[in-house]
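*Asks:* Can you keep this structure in mind? I'll have questions shortly.
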Amino acid sequence: MEGNGIIRADVAVAGGGLIGPALALALARAGFEVAVIDRLAEPVRADPEFDGRAYAVALASARLLGVLGLWRGLEPLAQPIRDIVVGEGVPGSHPGAMLHFDPRETDEGRVGWILEDRYLRRALIDAMDAEPRIRQVAPAEVAGAAFDGPRARIALADGRAVEAGLAVAADGRRSALGAAAGIRRQVFGYDQTGLVNAIEHELPHHGTAHQSFFPGGPFAVLPLPGNRSSLVWSERSAEARRLHALPDDVFTAEIAARVGGRLGAIRLAGRRWAYPLDLTLAERYAAPRLVLAGDAAHGVHPIAGQGMNMGLRDVAALAEVLVEAARRGEDIGAVDVLERYQRWRRFDATAMALGMDALNRLFSNANPMLRGVRDLGLAVVGRIGPLRRGFMREATGLAGDVPRMLRGHPL
């Protein structure tokens with residue numbers, strides 16, 4: 001509803017990327033009126049061109065997308081992960097495999113899929129367009145916010161405002177709403193830059209995801225449908241700047257030196273991306289009339305490809321808390337309600353973030369003593385079946401206190 005330049009909703013979500021729309025859909029299907037604010041217009045966010053960006057969609061995340069009615073259309077576009085191989089990287093030669101994870105060892109028989117960003121974004125936007133309880137407010141810049149009244153009020157740069165009983169910050173690591181509420185963040189730099197692009201290759205990948213550890217950072221080759229793969233690799237920032245500035249043919253040769261010959265001849269496909277890497281953790285997830293989700297709550301290293309899955313876990317937990325509170329007649333913006341979500345998610349997300357941080361610091365160096373520790377650890381995990389299956393269960397997103405939607409159940 002809009003009047004006098006004020007858009008009113010039950011919940012206002014800042015951030016129209018992936019996590020914000022997924023939460024908006026979950027809440028709208030449960031009867032909430034939701035406004036989704038994003039600085040980019042819909043055609044920009046829904047660009048259909050292949051650009052090389054992709055996500056590892058854990059089994060639990062696929063079940064959540066299934067509850068939202070999206071996975072049936074997305075699964076044919078996704079590449080199942082059939083094997084995972086982890087090894088020490090040696091530039092110019094085939095990475096030495098040190099650890100093999102076989103998803104068939106798990107109870108579910110799979111851990112997840114690789115799905116292109118463009119398909120997931122388009123599916124979420126189309127679903128929001130078709131949902132009468134969702135109002136998309138875009139393009140719109142957040143200019144300020146107040147949370148000290150009976151409703152949150154988000155001021156937009158064009159003079160309009162959005163008022164809601166609850167505001168959700170799903171607007172990334174530099175969250176404008178989190179900053180407006182005075183929520184502090186701890187930021188730890190890596191002096192690393194993430195390089196993302198895709199390749200087409202001569203030989204099939206057989207659905208195998210490869211994670212190689214080089215001194216500059218992890219290098220992941222993630223299988224896409226057909227003879228294509230998405231690369232997500234970390235390098236020291238100075239070296240990353242050098243690599244990103246290279247012409248395509250020289251850059252491709254650098255990739256080939258890291259991939260080895262297992263995929264045959266390769267060539268670039270789509271765009272090349274570069275972005276700084278850090279670990280950023282919000283000191284609180286909840287405040288009066290405000291809650292944080294996704295990267296606004298926990299921005300993590302991409303070493304295990306779990307950033308989006310952690311955000312969707314936030315979506316499932318927050319939606320469940322809010323729906324149950326509304327059914328009991330509680331104020332969904334009250335701190336005691338929002339702290340239930342914080343208790344559910346903060347420890348788990350922080351532990352996951354710090355675990356990925358430790359892995360990156362352990363593997364992103366050439367220290368021979370640490371290499372010995374790495375080799376021993378990987379060998380132990382490889383030999384102990386229950387430990388290996390435990391890691392894979394974590395990768396499915398089904399370990400711990402799992403929200404209903406991640407188990408495939410509606411709210």
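Each chain in the structure tokens gets a letter, A, B, ..., in the order shown, and its residues are numbered from 1; ligands are numbered from 1 in order too.
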What are the closest atom pairs, with distances in Å to one decimal, for each residue of segment 289-363 of chain A lying within 12 Å of segment 232-252 of chain A, using only C-alpha atoms, rows by chain and rising residue number, as JSON lines?

*Replies:*
```
{"residue": "A:His301", "atom": "CA", "partner": "A:Ser234", "partner_atom": "CA", "distance": 9.4}
{"residue": "A:Pro302", "atom": "CA", "partner": "A:Val232", "partner_atom": "CA", "distance": 7.8}
{"residue": "A:Ile303", "atom": "CA", "partner": "A:Ser234", "partner_atom": "CA", "distance": 8.3}
{"residue": "A:Ala304", "atom": "CA", "partner": "A:Val232", "partner_atom": "CA", "distance": 10.2}
{"residue": "A:Gly305", "atom": "CA", "partner": "A:Val232", "partner_atom": "CA", "distance": 8.9}
{"residue": "A:Asn360", "atom": "CA", "partner": "A:Ser234", "partner_atom": "CA", "distance": 9.6}
{"residue": "A:Arg361", "atom": "CA", "partner": "A:Ser234", "partner_atom": "CA", "distance": 11.9}
{"residue": "A:Phe363", "atom": "CA", "partner": "A:Ser234", "partner_atom": "CA", "distance": 11.4}
```

*Asks:* Contacts of Pro103 of chain A at 10 Å or less, counting only C-alpha atoms, minus same-chain residues fewer than 2 places along, as a ChimeraX atom specification?

*Replies:* /A:81-84,100-101,105-112,389,392-393,395-396

*Asks:* With only C-alpha atoms as the counted atoms, please give the residues lying no more than 7 Å from segment 326-337 of chain A, apart from itself and same-chain residues fewer than 4 positions off, as a list in words.

*Replies:*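 The filter keeps Gly165, Leu166, Ala286, Ala287, Pro288, Arg289, Leu290 and Leu322 of chain A.
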
*Asks:* Looking at A:Val291, A:Val142, A:Pro48, A:Gln79, which one is nearest to Asp158 of chain A, with distances taken over only C-alpha atoms?

*Replies:*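 Under the stated criterion, the closest residue is A:Val142.
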
*Asks:* Could you work out how far atom CA of Ile199 of chain A lies from atom CA of Ile266 of chain A, giving the answer in Å with one decimal?

*Replies:*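 Here the two named atoms are 6.3 Å from each other.
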
*Asks:* Mind listing the alpha helix (DSSP H) residues of segment 29-262 of chain A, per DSSP on the backbone, as a ChimeraX atom specification?

*Replies:* /A:29,42-45,59-67,71-74,117-129,176-180,237-244,248-259

*Asks:* Using DSSP on the backbone coordinates, identify all residues within segment 100-129 of chain A classified as strand (DSSP E); present the result as number ranges by chain.

*Replies:* A: 100-101, 112-116

*Asks:* Using the selection just defined, write its residues with N, CA and C atoms as a PDB file, in the first residue's frame.

*Replies:*
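Output (part-v8.pdb):
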```
ATOM      1  N   HIS A 100      39.355 -37.378  -1.373  1.00  0.00           N
ATOM      2  CA  HIS A 100      38.233 -37.583  -2.284  1.00  0.00           C
ATOM      3  C   HIS A 100      36.956 -37.742  -1.481  1.00  0.00           C
ATOM      4  N   PHE A 101      35.969 -36.919  -1.804  1.00  0.00           N
ATOM      5  CA  PHE A 101      34.654 -37.032  -1.179  1.00  0.00           C
ATOM      6  C   PHE A 101      33.679 -37.589  -2.213  1.00  0.00           C
ATOM      7  N   GLY A 112      24.924 -31.655  -3.476  1.00  0.00           N
ATOM      8  CA  GLY A 112      24.394 -30.431  -4.037  1.00  0.00           C
ATOM      9  C   GLY A 112      24.633 -30.325  -5.530  1.00  0.00           C
ATOM     10  N   TRP A 113      24.444 -29.109  -6.032  1.00  0.00           N
ATOM     11  CA  TRP A 113      24.530 -28.806  -7.458  1.00  0.00           C
ATOM     12  C   TRP A 113      25.306 -27.500  -7.641  1.00  0.00           C
ATOM     13  N   ILE A 114      25.762 -27.257  -8.870  1.00  0.00           N
ATOM     14  CA  ILE A 114      26.302 -25.958  -9.254  1.00  0.00           C
ATOM     15  C   ILE A 114      25.277 -25.309 -10.190  1.00  0.00           C
ATOM     16  N   LEU A 115      24.872 -24.096  -9.859  1.00  0.00           N
ATOM     17  CA  LEU A 115      23.819 -23.402 -10.599  1.00  0.00           C
ATOM     18  C   LEU A 115      24.286 -21.993 -10.936  1.00  0.00           C
ATOM     19  N   GLU A 116      24.070 -21.573 -12.166  1.00  0.00           N
ATOM     20  CA  GLU A 116      24.471 -20.237 -12.586  1.00  0.00           C
ATOM     21  C   GLU A 116      23.644 -19.163 -11.878  1.00  0.00           C
TER      22      GLU A 116
END
```

*Asks:* What separation in Å, quoted to one decimal, exists between atom CA of Ser230 of chain A and atom CA of Arg272 of chain A?

*Replies:*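 Pair atom CA of Ser230 of chain A / atom CA of Arg272 of chain A returns 10.8 Å.
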
*Asks:* Determine, counting only C-alpha atoms, which protein, DNA and RNA residues have an atom within 10 Å of an atom of Ala127 of chain A; residues of the same chain fewer than 4 positions away are not included. Present the result as a CSV table (one decimal) with N, CA, C and O atoms, in the first residue's frame.

*Replies:*
```
chain,number,residue,atom,x,y,z
A,21,PRO,N,15.1,-11.6,-1.8
A,21,PRO,CA,13.9,-12.2,-2.5
A,21,PRO,C,13.5,-13.6,-2.0
A,21,PRO,O,12.3,-13.8,-1.9
A,22,ALA,N,14.4,-14.4,-1.6
A,22,ALA,CA,14.0,-15.7,-1.1
A,22,ALA,C,13.2,-15.6,0.2
A,22,ALA,O,12.2,-16.2,0.5
A,25,LEU,N,9.7,-14.2,-0.5
A,25,LEU,CA,8.8,-15.2,-1.0
A,25,LEU,C,8.3,-16.1,0.1
A,25,LEU,O,7.1,-16.4,0.2
A,68,LEU,N,9.6,-23.2,-2.1
A,68,LEU,CA,9.2,-21.9,-2.7
A,68,LEU,C,8.7,-22.1,-4.1
A,68,LEU,O,8.3,-21.2,-4.8
A,69,GLY,N,8.7,-23.4,-4.6
A,69,GLY,CA,8.2,-23.7,-5.9
A,69,GLY,C,9.1,-23.4,-7.1
A,69,GLY,O,8.7,-23.3,-8.2
A,70,LEU,N,10.4,-23.2,-6.8
A,70,LEU,CA,11.4,-22.9,-7.8
A,70,LEU,C,12.3,-24.0,-8.3
A,70,LEU,O,12.8,-23.9,-9.4
A,121,ARG,N,18.7,-15.9,-10.1
A,121,ARG,CA,18.1,-14.5,-10.0
A,121,ARG,C,16.9,-14.4,-10.7
A,121,ARG,O,15.9,-13.8,-10.3
A,122,ARG,N,16.8,-14.9,-12.0
A,122,ARG,CA,15.7,-14.7,-12.8
A,122,ARG,C,14.5,-15.5,-12.2
A,122,ARG,O,13.3,-15.0,-12.2
A,123,ALA,N,14.7,-16.7,-11.6
A,123,ALA,CA,13.6,-17.4,-11.0
A,123,ALA,C,13.1,-16.7,-9.8
A,123,ALA,O,11.8,-16.6,-9.6
A,131,GLU,N,3.9,-12.7,-7.3
A,131,GLU,CA,3.3,-12.8,-5.9
A,131,GLU,C,2.7,-11.4,-5.6
A,131,GLU,O,3.4,-10.4,-5.4
A,132,PRO,N,1.3,-11.4,-5.4
A,132,PRO,CA,0.7,-10.1,-5.1
A,132,PRO,C,1.0,-9.5,-3.8
A,132,PRO,O,0.8,-8.3,-3.6
A,134,ILE,N,4.0,-9.1,-2.6
A,134,ILE,CA,5.4,-8.5,-2.7
A,134,ILE,C,5.3,-7.3,-3.5
A,134,ILE,O,4.9,-7.3,-4.7
```

*Asks:* Ranking A:Val67, A:Met128, A:Ala316, A:Ala145 by minimum distance to Ala157 of chain A and counting only C-alpha atoms, which one comes first?

*Replies:*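 That would be A:Ala145, the residue with the smallest distance to Ala157 of chain A.
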
*Asks:* Find the residues around Arg53 of chain A up to 8 Å (only C-alpha atoms counted), leave out those fewer than 4 positions away in its own chain, and share them as a PyMOL selection string.

*Replies:* chain A and resi 116-118+196-198+230

*Asks:* Could you check how far atom CA of Gly17 of chain A sits from atom CA of Asp171 of chain A, in Å to one decimal?

*Replies:*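 A separation of 8.1 Å between them.
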
*Asks:* Go through A:Glu202, A:Asp148, A:Gln192, A:Asn227 one by one, measure the shortest atom-to-atom distance of each to Ala274 of chain A using only C-alpha atoms, and give the residue with the smallest value.

*Replies:*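 Looking only at the distances to Ala274 of chain A, the closest residue turns out to be A:Gln192.
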
*Asks:* Using only C-alpha atoms, can you tell me which of A:Gly400, A:Pro225, A:Pro410, A:Gly261 comes closest to Pro80 of chain A?

*Replies:* A:Pro225

*Asks:* Which residues, written as a PDB file with N, CA and C atoms, in the first residue's frame, have at least one atom at most 6 Å from segment 14-16 of chain A, with only C-alpha atoms counted and residues fewer than 6 positions away on the same chain left out?

*Replies:*
```pdb
ATOM      1  N   VAL A  36      10.309  -5.103  -1.046  1.00  0.00           N
ATOM      2  CA  VAL A  36      11.712  -5.431  -1.308  1.00  0.00           C
ATOM      3  C   VAL A  36      12.362  -4.228  -1.988  1.00  0.00           C
ATOM      4  N   ILE A  37      13.395  -3.686  -1.348  1.00  0.00           N
ATOM      5  CA  ILE A  37      14.074  -2.479  -1.828  1.00  0.00           C
ATOM      6  C   ILE A  37      15.425  -2.863  -2.415  1.00  0.00           C
ATOM      7  N   ASP A  38      15.723  -2.374  -3.618  1.00  0.00           N
ATOM      8  CA  ASP A  38      17.051  -2.611  -4.182  1.00  0.00           C
ATOM      9  C   ASP A  38      17.461  -1.419  -5.025  1.00  0.00           C
ATOM     10  N   ALA A 169      17.674  -6.397   7.002  1.00  0.00           N
ATOM     11  CA  ALA A 169      18.863  -5.998   6.250  1.00  0.00           C
ATOM     12  C   ALA A 169      19.431  -7.227   5.554  1.00  0.00           C
ATOM     13  N   ALA A 170      19.209  -7.299   4.248  1.00  0.00           N
ATOM     14  CA  ALA A 170      19.821  -8.333   3.416  1.00  0.00           C
ATOM     15  C   ALA A 170      20.599  -7.626   2.318  1.00  0.00           C
ATOM     16  N   ASP A 171      21.220  -6.503   2.701  1.00  0.00           N
ATOM     17  CA  ASP A 171      21.854  -5.593   1.744  1.00  0.00           C
ATOM     18  C   ASP A 171      23.372  -5.669   1.764  1.00  0.00           C
TER      19      ASP A 171
END
```
